[in-house]
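Asker: Next comes entry_8.txt, compact mmCIF, C-alpha atoms:
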```txt
# COMPACT_ATOMS: atom_id res chain seq x y z
CA MET A 53 -1.13 32.21 -45.77
CA LYS A 54 1.98 34.39 -45.98
CA LEU A 55 1.82 35.04 -42.23
CA LYS A 56 1.48 31.33 -41.41
CA PHE A 57 4.44 30.59 -43.62
CA THR A 58 6.56 33.28 -41.87
CA VAL A 59 5.57 32.01 -38.41
CA ALA A 60 6.44 28.44 -39.42
CA LEU A 61 9.84 29.56 -40.70
CA LEU A 62 10.52 31.45 -37.47
CA ALA A 63 9.51 28.41 -35.40
CA ILE A 64 11.83 26.16 -37.39
CA GLY A 65 14.62 28.71 -37.06
CA LEU A 66 14.15 28.98 -33.31
CA SER A 67 14.04 25.23 -32.86
CA TYR A 68 17.18 24.89 -34.91
CA SER A 69 19.03 27.53 -32.88
CA VAL A 70 17.96 25.86 -29.63
CA LEU A 71 19.29 22.61 -30.99
CA LEU A 72 22.56 24.38 -31.74
CA ALA A 73 22.92 25.66 -28.17
CA GLU A 74 25.51 23.48 -26.55
CA SER A 75 26.81 22.95 -23.02
CA ALA A 76 30.13 21.70 -21.75
CA LYS A 77 30.35 19.76 -18.49
CA VAL A 78 33.81 20.24 -17.06
CA SER A 79 35.16 18.07 -14.23
CA VAL A 80 37.51 20.22 -12.16
CA ASN A 81 40.09 19.09 -9.65
CA GLY A 82 40.81 21.14 -6.53
CA MET A 83 37.48 22.97 -6.53
CA VAL A 84 36.63 22.73 -2.85
CA CYS A 85 36.21 26.35 -1.80
CA ALA A 86 33.37 28.55 -3.03
CA PHE A 87 35.24 31.76 -2.28
CA CYS A 88 38.28 30.75 -4.36
CA ALA A 89 36.13 29.28 -7.15
CA GLN A 90 34.53 32.66 -7.84
CA GLY A 91 37.35 33.13 -10.34
CA ILE A 92 35.93 30.34 -12.50
CA GLU A 93 32.60 32.08 -12.81
CA LYS A 94 34.24 35.41 -13.53
CA LYS A 95 36.55 33.97 -16.19
CA PHE A 96 33.70 32.32 -18.12
CA LYS A 97 31.30 35.22 -17.78
CA ASP A 98 33.89 37.41 -19.50
CA GLU A 99 33.59 35.21 -22.60
CA LYS A 100 31.12 36.37 -25.26
CA ALA A 101 30.22 32.80 -26.25
CA VAL A 102 29.02 31.94 -22.75
CA ASN A 103 25.37 32.35 -21.86
CA SER A 104 25.51 31.11 -18.28
CA ILE A 105 27.61 29.01 -15.94
CA ASP A 106 26.69 26.63 -13.15
CA VAL A 107 29.22 25.53 -10.51
CA LYS A 108 28.54 22.47 -8.33
CA LEU A 109 31.18 21.99 -5.66
CA GLU A 110 29.65 18.71 -4.52
CA ASP A 111 30.01 17.18 -8.00
CA LYS A 112 33.30 19.05 -8.80
CA LEU A 113 31.50 20.08 -11.96
CA VAL A 114 31.33 23.32 -13.94
CA THR A 115 28.57 23.45 -16.56
CA VAL A 116 29.15 26.04 -19.25
CA ASN A 117 26.04 26.91 -21.27
CA PHE A 118 26.84 28.55 -24.59
CA LYS A 119 24.85 31.05 -26.60
CA ASP A 120 23.08 29.76 -29.69
CA GLY A 121 25.55 28.73 -32.31
CA GLU A 122 28.54 29.68 -30.14
CA ASN A 123 31.16 27.55 -28.47
CA LEU A 124 34.56 27.43 -26.83
CA SER A 125 37.21 24.90 -27.69
CA ASP A 126 38.40 22.37 -25.12
CA GLU A 127 41.77 24.15 -25.10
CA LYS A 128 40.13 27.48 -24.29
CA ILE A 129 38.01 25.96 -21.52
CA THR A 130 41.10 24.30 -20.06
CA LYS A 131 42.99 27.61 -20.16
CA LEU A 132 40.20 29.48 -18.38
CA ILE A 133 40.04 26.85 -15.64
CA THR A 134 43.85 26.86 -15.31
CA ASP A 135 43.94 30.67 -15.11
CA ALA A 136 41.47 30.40 -12.24
CA GLY A 137 43.94 28.12 -10.43
CA TYR A 138 42.41 24.69 -11.03
CA SER A 139 43.02 21.68 -13.27
CA VAL A 140 40.64 19.98 -15.69
CA GLU A 141 39.98 16.30 -15.35
CA GLY A 142 37.61 15.97 -18.29
CA ILE A 143 35.24 17.84 -20.62
CA LYS A 144 31.98 16.38 -21.85
CA ARG A 145 29.91 18.08 -24.55
CA VAL A 146 26.12 18.06 -24.24
CA LYS A 147 23.65 19.19 -26.95
CA MET B 134 27.63 42.75 -8.66
CA SER B 135 28.26 45.80 -10.80
CA ARG B 136 31.58 47.63 -10.86
CA PHE B 137 29.96 50.51 -8.99
CA TRP B 138 28.89 48.33 -6.05
CA GLU B 139 32.24 46.53 -6.00
CA ALA B 140 34.00 49.87 -5.76
CA PHE B 141 31.49 51.06 -3.15
CA VAL B 142 32.05 48.01 -0.90
CA CYS B 143 35.84 48.46 -1.28
CA ILE B 144 35.62 52.05 -0.11
CA ILE B 145 33.47 51.10 2.86
CA LEU B 146 35.95 48.40 3.86
CA LEU B 147 38.89 50.72 3.49
CA GLY B 148 37.19 53.22 5.71
CA THR B 149 36.41 50.82 8.52
CA PHE B 150 38.66 47.90 9.19
CA SER B 151 41.75 46.55 7.97
CA SER B 152 43.95 41.07 5.95
CA VAL B 153 42.76 37.72 6.19
CA GLU B 154 44.71 34.49 6.34
CA ALA B 155 43.79 33.93 2.76
CA HIS B 156 45.71 32.94 -0.32
CA PRO B 157 48.48 35.41 -1.29
CA THR B 158 47.55 34.97 -4.97
CA SER B 159 44.13 34.66 -6.58
CA PHE B 160 42.84 33.87 -10.08
CA LYS B 161 44.54 35.56 -13.05
CA GLY B 162 43.35 39.14 -13.36
CA ALA B 163 41.90 39.31 -9.86
CA THR B 164 42.20 42.32 -7.61
CA SER B 165 42.13 41.41 -3.92
CA VAL B 166 41.58 43.72 -1.01
CA GLU B 167 42.38 42.33 2.45
CA LEU B 168 41.90 43.93 5.81
CA MET B 169 43.11 42.52 9.09
CA ASN B 170 42.58 44.15 12.40
CA SER B 171 43.35 43.12 15.94
CA SER B 172 43.86 45.05 19.13
CA ASP B 173 47.58 45.62 18.45
CA HIS B 174 47.90 45.16 14.69
CA SER B 175 46.20 46.47 11.56
CA GLN B 176 47.07 45.55 8.03
CA PHE B 177 45.62 46.65 4.74
CA THR B 178 46.74 44.80 1.60
CA ALA B 179 45.70 45.31 -2.01
CA HIS B 180 47.14 43.13 -4.72
CA TYR B 181 46.64 42.20 -8.34
CA SER B 182 47.21 38.66 -9.62
CA LEU B 183 49.10 38.81 -12.90
CA HIS B 184 48.90 35.03 -13.00
CA HIS B 185 47.22 32.60 -10.65
CA ARG B 186 50.76 31.92 -9.35
CA PHE B 187 51.94 35.50 -8.89
CA SER B 188 50.56 38.71 -7.45
CA LEU B 189 51.93 42.19 -6.86
CA GLY B 190 50.58 44.87 -4.58
CA ALA B 191 51.10 47.10 -1.61
CA GLU B 192 50.31 46.99 2.07
CA VAL B 193 50.16 49.28 5.05
CA ILE B 194 50.86 47.82 8.50
CA ARG B 195 50.22 49.41 11.88
CA HIS B 196 51.87 47.62 14.75
CA ASP B 197 51.78 48.51 18.43
CA LEU B 198 55.16 47.98 20.04
CA GLU B 199 55.97 48.14 23.73
CA ASN B 200 56.53 51.90 23.82
CA ALA B 201 55.53 53.14 20.38
CA THR B 202 53.40 52.46 17.33
CA SER B 203 54.96 51.73 13.95
CA TYR B 204 53.43 52.44 10.56
CA ALA B 205 54.96 50.63 7.60
CA GLY B 206 54.23 50.91 3.89
CA LEU B 207 55.50 48.00 1.81
CA ALA B 208 55.53 46.91 -1.80
CA ARG B 209 54.63 43.21 -1.67
CA PHE B 210 54.52 40.10 -3.81
CA GLY B 211 52.77 36.74 -3.47
CA LEU B 212 54.05 33.59 -5.13
CA LEU B 213 52.29 30.24 -5.36
CA LEU B 214 55.19 27.81 -5.08
CA HIS B 215 53.11 24.73 -5.73
CA ARG B 216 49.49 23.68 -5.85
CA TRP B 217 48.07 20.19 -5.65
CA ASN B 218 44.64 20.03 -7.27
CA HIS B 219 43.04 16.75 -6.29
CA PRO B 220 39.41 15.71 -6.87
CA LEU B 221 38.80 15.80 -3.12
CA PHE B 222 41.14 18.51 -1.85
CA GLN B 223 43.45 21.33 -2.69
CA ALA B 224 46.83 21.97 -1.07
CA ASN B 225 49.12 24.96 -1.54
CA ALA B 226 52.56 26.29 -0.67
CA TYR B 227 53.13 30.04 -0.87
CA LEU B 228 55.93 32.54 -0.46
CA GLU B 229 55.03 36.11 0.31
CA GLY B 230 57.23 39.13 0.96
CA GLY B 231 57.41 42.88 1.09
CA ILE B 232 59.90 45.68 1.47
CA GLY B 233 59.39 49.35 2.22
CA SER B 234 59.69 51.98 4.88
CA ALA B 235 58.42 52.25 8.45
CA ARG B 236 57.87 55.29 10.64
CA ILE B 237 58.48 54.80 14.31
CA ASP B 238 59.00 57.48 16.97
CA GLY B 239 59.38 60.11 14.24
CA ASP B 240 62.17 58.17 12.54
CA GLN B 241 62.13 56.38 9.23
CA SER B 242 63.61 52.95 8.83
CA LEU B 243 63.74 50.09 6.37
CA ALA B 244 60.98 47.54 6.91
CA TYR B 245 60.52 44.15 5.35
CA ARG B 246 58.63 40.96 5.87
CA THR B 247 58.81 37.41 4.51
CA ARG B 248 56.22 34.70 4.95
CA ILE B 249 55.88 31.04 4.01
CA GLN B 250 52.46 29.44 4.09
CA ALA B 251 51.21 25.91 3.52
CA ASP B 252 47.56 24.89 3.55
CA ILE B 253 45.30 21.99 2.66
CA GLU B 254 41.54 21.92 2.59
CA ASP B 255 38.61 19.89 1.40
CA ARG B 256 34.99 20.85 1.70
CA ARG B 257 34.78 19.91 5.36
CA TYR B 258 38.21 20.50 6.92
CA LEU B 259 41.10 22.90 6.53
CA PHE B 260 44.60 23.16 7.93
CA MET B 261 46.98 26.05 7.48
CA THR B 262 50.39 26.85 8.91
CA SER B 263 52.70 29.81 8.32
CA VAL B 264 55.95 31.35 9.48
CA GLU B 265 56.53 35.06 9.10
CA ARG B 266 59.48 37.33 9.73
CA PHE B 267 58.78 41.06 10.15
CA GLU B 268 61.57 43.53 10.78
CA ILE B 269 61.97 47.26 11.15
CA LYS B 270 65.71 47.80 10.91
CA ASP B 271 67.30 48.86 14.24
CA TYR B 272 63.90 48.92 16.01
CA TYR B 273 61.94 45.72 15.86
CA SER B 274 62.11 42.14 14.67
CA ASP B 275 59.71 39.29 15.20
CA TRP B 276 59.01 35.73 14.09
CA ASN B 277 55.37 34.84 13.93
CA PHE B 278 54.27 31.18 13.88
CA LYS B 279 50.63 30.56 13.07
CA SER B 280 48.52 27.43 12.61
CA ARG B 281 44.85 26.95 11.94
CA VAL B 282 42.43 24.07 11.87
CA GLY B 283 38.94 24.57 10.53
CA LEU B 284 35.66 22.72 10.28
CA ALA B 285 32.71 23.56 8.05
CA PRO B 286 29.59 22.85 10.14
CA TYR B 287 27.57 22.28 6.95
CA LEU B 288 28.48 21.81 3.27
CA ALA B 289 27.34 24.85 1.38
CA GLU B 290 27.15 25.11 -2.39
CA PHE B 291 28.82 27.64 -4.64
CA ASN B 292 26.39 30.52 -4.32
CA GLU B 293 25.29 29.88 -0.74
CA ILE B 294 26.58 31.37 2.49
CA ASN B 295 29.59 29.31 3.59
CA ALA B 296 30.72 29.12 7.22
CA TRP B 297 33.83 27.78 8.94
CA LEU B 298 34.66 27.30 12.59
CA ILE B 299 38.38 27.91 12.99
CA LEU B 300 40.80 27.42 15.86
CA GLN B 301 43.99 29.44 15.53
CA HIS B 302 47.25 29.14 17.44
CA GLU B 303 49.79 31.93 17.19
CA PHE B 304 53.21 32.43 18.76
CA GLN B 305 55.29 35.57 18.43
CA THR B 306 58.94 35.66 19.46
CA ASP B 307 58.61 39.35 20.32
CA SER B 308 55.97 38.94 22.99
CA LYS B 309 56.81 35.26 23.68
CA GLU B 310 53.10 34.67 24.09
CA HIS B 311 50.96 31.81 22.83
CA GLU B 312 47.53 32.92 21.66
CA VAL B 313 44.68 30.50 20.97
CA SER B 314 41.73 32.03 19.17
CA PRO B 315 38.40 30.56 18.10
CA LEU B 316 37.19 32.31 14.94
CA LEU B 317 34.09 32.29 12.80
CA ARG B 318 34.64 32.69 9.06
CA VAL B 319 31.68 33.44 6.81
CA PHE B 320 31.76 34.13 3.11
CA TYR B 321 29.30 34.71 0.35
CA LYS B 322 30.41 34.86 -3.28
CA ASN B 323 33.51 37.07 -3.30
CA PHE B 324 33.22 38.64 0.13
CA LEU B 325 34.71 37.00 3.21
CA VAL B 326 34.69 38.07 6.83
CA GLU B 327 36.06 36.39 9.93
CA ALA B 328 35.89 37.47 13.51
CA GLY B 329 36.86 36.15 16.90
CA SER B 330 38.85 36.68 20.03
CA SER B 331 41.81 34.99 21.66
CA LEU B 332 41.28 33.26 25.00
CA LYS B 333 43.16 36.21 26.46
CA GLY B 334 40.63 38.67 25.02
CA LYS B 335 42.58 39.91 21.99
CA TRP B 336 39.92 40.51 19.32
CA MET B 337 40.29 40.06 15.57
CA LEU B 338 38.25 41.20 12.61
CA ASN B 339 39.43 40.21 9.14
CA MET B 340 37.90 40.82 5.73
CA MET B 341 38.66 40.01 2.14
CA PHE B 342 37.08 40.95 -1.13
CA HIS B 343 38.23 39.99 -4.62
CA PHE B 344 36.93 40.91 -8.01
```
Would you mind writing the file out in structure tokens?
Answerer:
Amino acid sequence: MKLKFTVALLAIGLSYSVLLAESAKVSVNGMVCAFCAQGIEKKFKDEKAVNSIDVKLEDKLVTVNFKDGENLSDEKITKLITDAGYSVEGIKRVK
Amino acid sequence: MSRFWEAFVCIILLGTFSSVEAHPTSFKGATSVELMNSSDHSQFTAHYSLHHRFSLGAEVIRHDLENATSYAGLARFGLLLHRWNHPLFQANAYLEGGIGSARIDGDQSLAYRTRIQADIEDRRYLFMTSVERFEIKDYYSDWNFKSRVGLAPYLAEFNEINAWLILQHEFQTDSKEHEVSPLLRVFYKNFLVEAGSSLKGKWMLNMMFHF
């Protein structure tokens, strides 16, 4: 009984942390060259809160996947994109 | 790529060839290594971008003159004058310069270069033009005018192998020769290589790596 209870608690905890994991979809202007855009990936990968990053040149979109319970502010995301040499058109949060 | 492999590739590049017609500044915190080699000119440039608008570094230039070969070592800077980030394209204007010393015929002399570059590209087409002044005081001076048009034969995504077909026109006041060169540029992630030959048979091999 104790074991079942522990497993159930763990399952709830895991589900909750998955629910907490957030992504940010960032529309980026000027992102036309894969070679130059490597800086975007590098800048976000240096951030502890970031789990993974996906860059789509065709959609001009950078998807930043955060670690459970972690996040970056819109200002921070905009700064990272600007430091990489690009400008942000919009940021959309996805749970 | 781990730091070890990045360093390893850098060493290999340094030991083989030597800059690419790439951007004189990169993302903030980036180290760029560029190698450019042709039959009468070699150039190795390493620079660090303190800001995406400004980089500092050094370069070594070998240049074959009519009766001698010059070797110049310069401290250099790159400055992004303006960038237009548009949803469909990016355009840039750069200023680049360097000053140092050159050795020619056993003598030392002041050497400097200044370059202005403008470029625009989208995912399919690119256009670049530049004017450069290179001078070794009392020995050599030259204006170099260069233009490029490029076409991507296919649209590659971020982590795929990208390719460009480039046609370059170059005119140097020193030689008074027009050179037209078809080039193939290929890059994957942070490593870029381009190679080709002028219609007169002058070969070129350029590489760039940034991390």
Asker: Per residue of chain B within 6 Å of chain A, what are the shortest atom pair and its distance in Å to one decimal, counting only C-alpha atoms, with rows by chain and residue number, as CSV?
Answerer:
```
residue,atom,partner,partner_atom,distance
B:Phe160,CA,A:Ala136,CA,4.3
B:Lys161,CA,A:Asp135,CA,5.3
B:His185,CA,A:Gly137,CA,5.6
B:Asn218,CA,A:Gly82,CA,4.1
B:His219,CA,A:Gly82,CA,4.9
B:Pro220,CA,A:Asn81,CA,4.4
B:Phe222,CA,A:Gly82,CA,5.4
B:Gln223,CA,A:Gly82,CA,4.7
B:Asp255,CA,A:Val84,CA,5.5
B:Arg256,CA,A:Val84,CA,5.2
B:Phe291,CA,A:Ala86,CA,4.9
B:Lys322,CA,A:Phe87,CA,5.8
B:Asn323,CA,A:Phe87,CA,5.7
```
Asker: Give me the residues within 7 Å of segment 307-320 of chain B as number ranges by chain, counting only C-alpha atoms and dropping any in the same chain fewer than 6 places off.
Answerer: A: 87; B: 275, 294-301, 326-332
Asker: What is the distance between atom CA of Ile237 of chain B and atom CA of Ile269 of chain B, in Å to one decimal?
Answerer: 8.9 Å
Asker: To one decimal in Å, tell me the separation between atom CA of Val116 of chain A and atom CA of Lys131 of chain A.
Answerer: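 For atom CA of Val116 of chain A relative to atom CA of Lys131 of chain A, the distance reads 14.0 Å.
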Asker: What does the distance from atom CA of Arg186 of chain B to atom CA of Asp252 of chain B come to in Å, to one decimal?
Answerer: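 That distance, rounded to one decimal, is 15.0 Å.
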Asker: Please determine, counting only C-alpha atoms, which residue among B:Tyr321, B:Thr158, B:Trp276, B:Ala163 has the shortest atom-to-atom distance to Asn292 of chain B.
Answerer: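 Smallest distance to Asn292 of chain B is found for B:Tyr321.
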Asker: Could you list, as a CSV table (one decimal) with C-alpha atoms, keeping the file's coordinate frame, every residue within 9 Å of Ala251 of chain B, counting all atoms listed in the file and ignoring same-chain residues fewer than 6 positions away?
Answerer:
```csv
chain,number,residue,atom,x,y,z
B,224,ALA,CA,46.8,22.0,-1.1
B,225,ASN,CA,49.1,25.0,-1.5
B,226,ALA,CA,52.6,26.3,-0.7
B,227,TYR,CA,53.1,30.0,-0.9
B,260,PHE,CA,44.6,23.2,7.9
B,261,MET,CA,47.0,26.0,7.5
B,262,THR,CA,50.4,26.8,8.9
B,263,SER,CA,52.7,29.8,8.3
```
Asker: Considering all atoms listed in the file, state which residue in the set A:Glu93, A:Asp98, A:Arg145, A:Ile105 is at the smallest distance from Ser125 of chain A.
Answerer: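 Closest to Ser125 of chain A, using all atoms listed in the file: A:Arg145.
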Asker: Go through B:Arg236, B:Gly231, B:Leu213, B:Tyr204 one by one, measure the shortest atom-to-atom distance of each to Ala191 of chain B using all atoms listed in the file, and give the residue with the smallest value.
Answerer: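 So, comparing all the options, the nearest one is B:Gly231.
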Asker: Show which residues sit within 7 Å of Ala73 of chain A, as a list of chain:residue names. Count all atoms listed in the file, and ignore same-chain residues fewer than 4 positions away.
Answerer: A:Ser69, A:Phe118, A:Lys119, A:Asp120, A:Gly121, A:Lys147
Asker: Could you pull the residues within 6 Å of Val78 of chain A, counting all atoms listed in the file, minus those fewer than 6 positions along the same chain, as an MDAnalysis selection string?
Answerer: chainID A and resid 113:114 142:143
Asker: Write out the residues from the selection above, keeping C-alpha atoms, as a compact mmCIF listing (two decimals), in the coordinates of the input.
Answerer:
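Output contents, as saved in out22.txt:
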```txt
# COMPACT_ATOMS: atom_id res chain seq x y z
CA LEU A 113 31.50 20.08 -11.96
CA VAL A 114 31.33 23.32 -13.94
CA GLY A 142 37.61 15.97 -18.29
CA ILE A 143 35.24 17.84 -20.62
```
Asker: Calculated over only C-alpha atoms, which of the candidates B:Gln250, B:Ser242, B:Gln305, B:Asn170 has the smallest distance to Phe278 of chain B?
Answerer: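 Distance minimum relative to Phe278 of chain B lands on B:Gln305.
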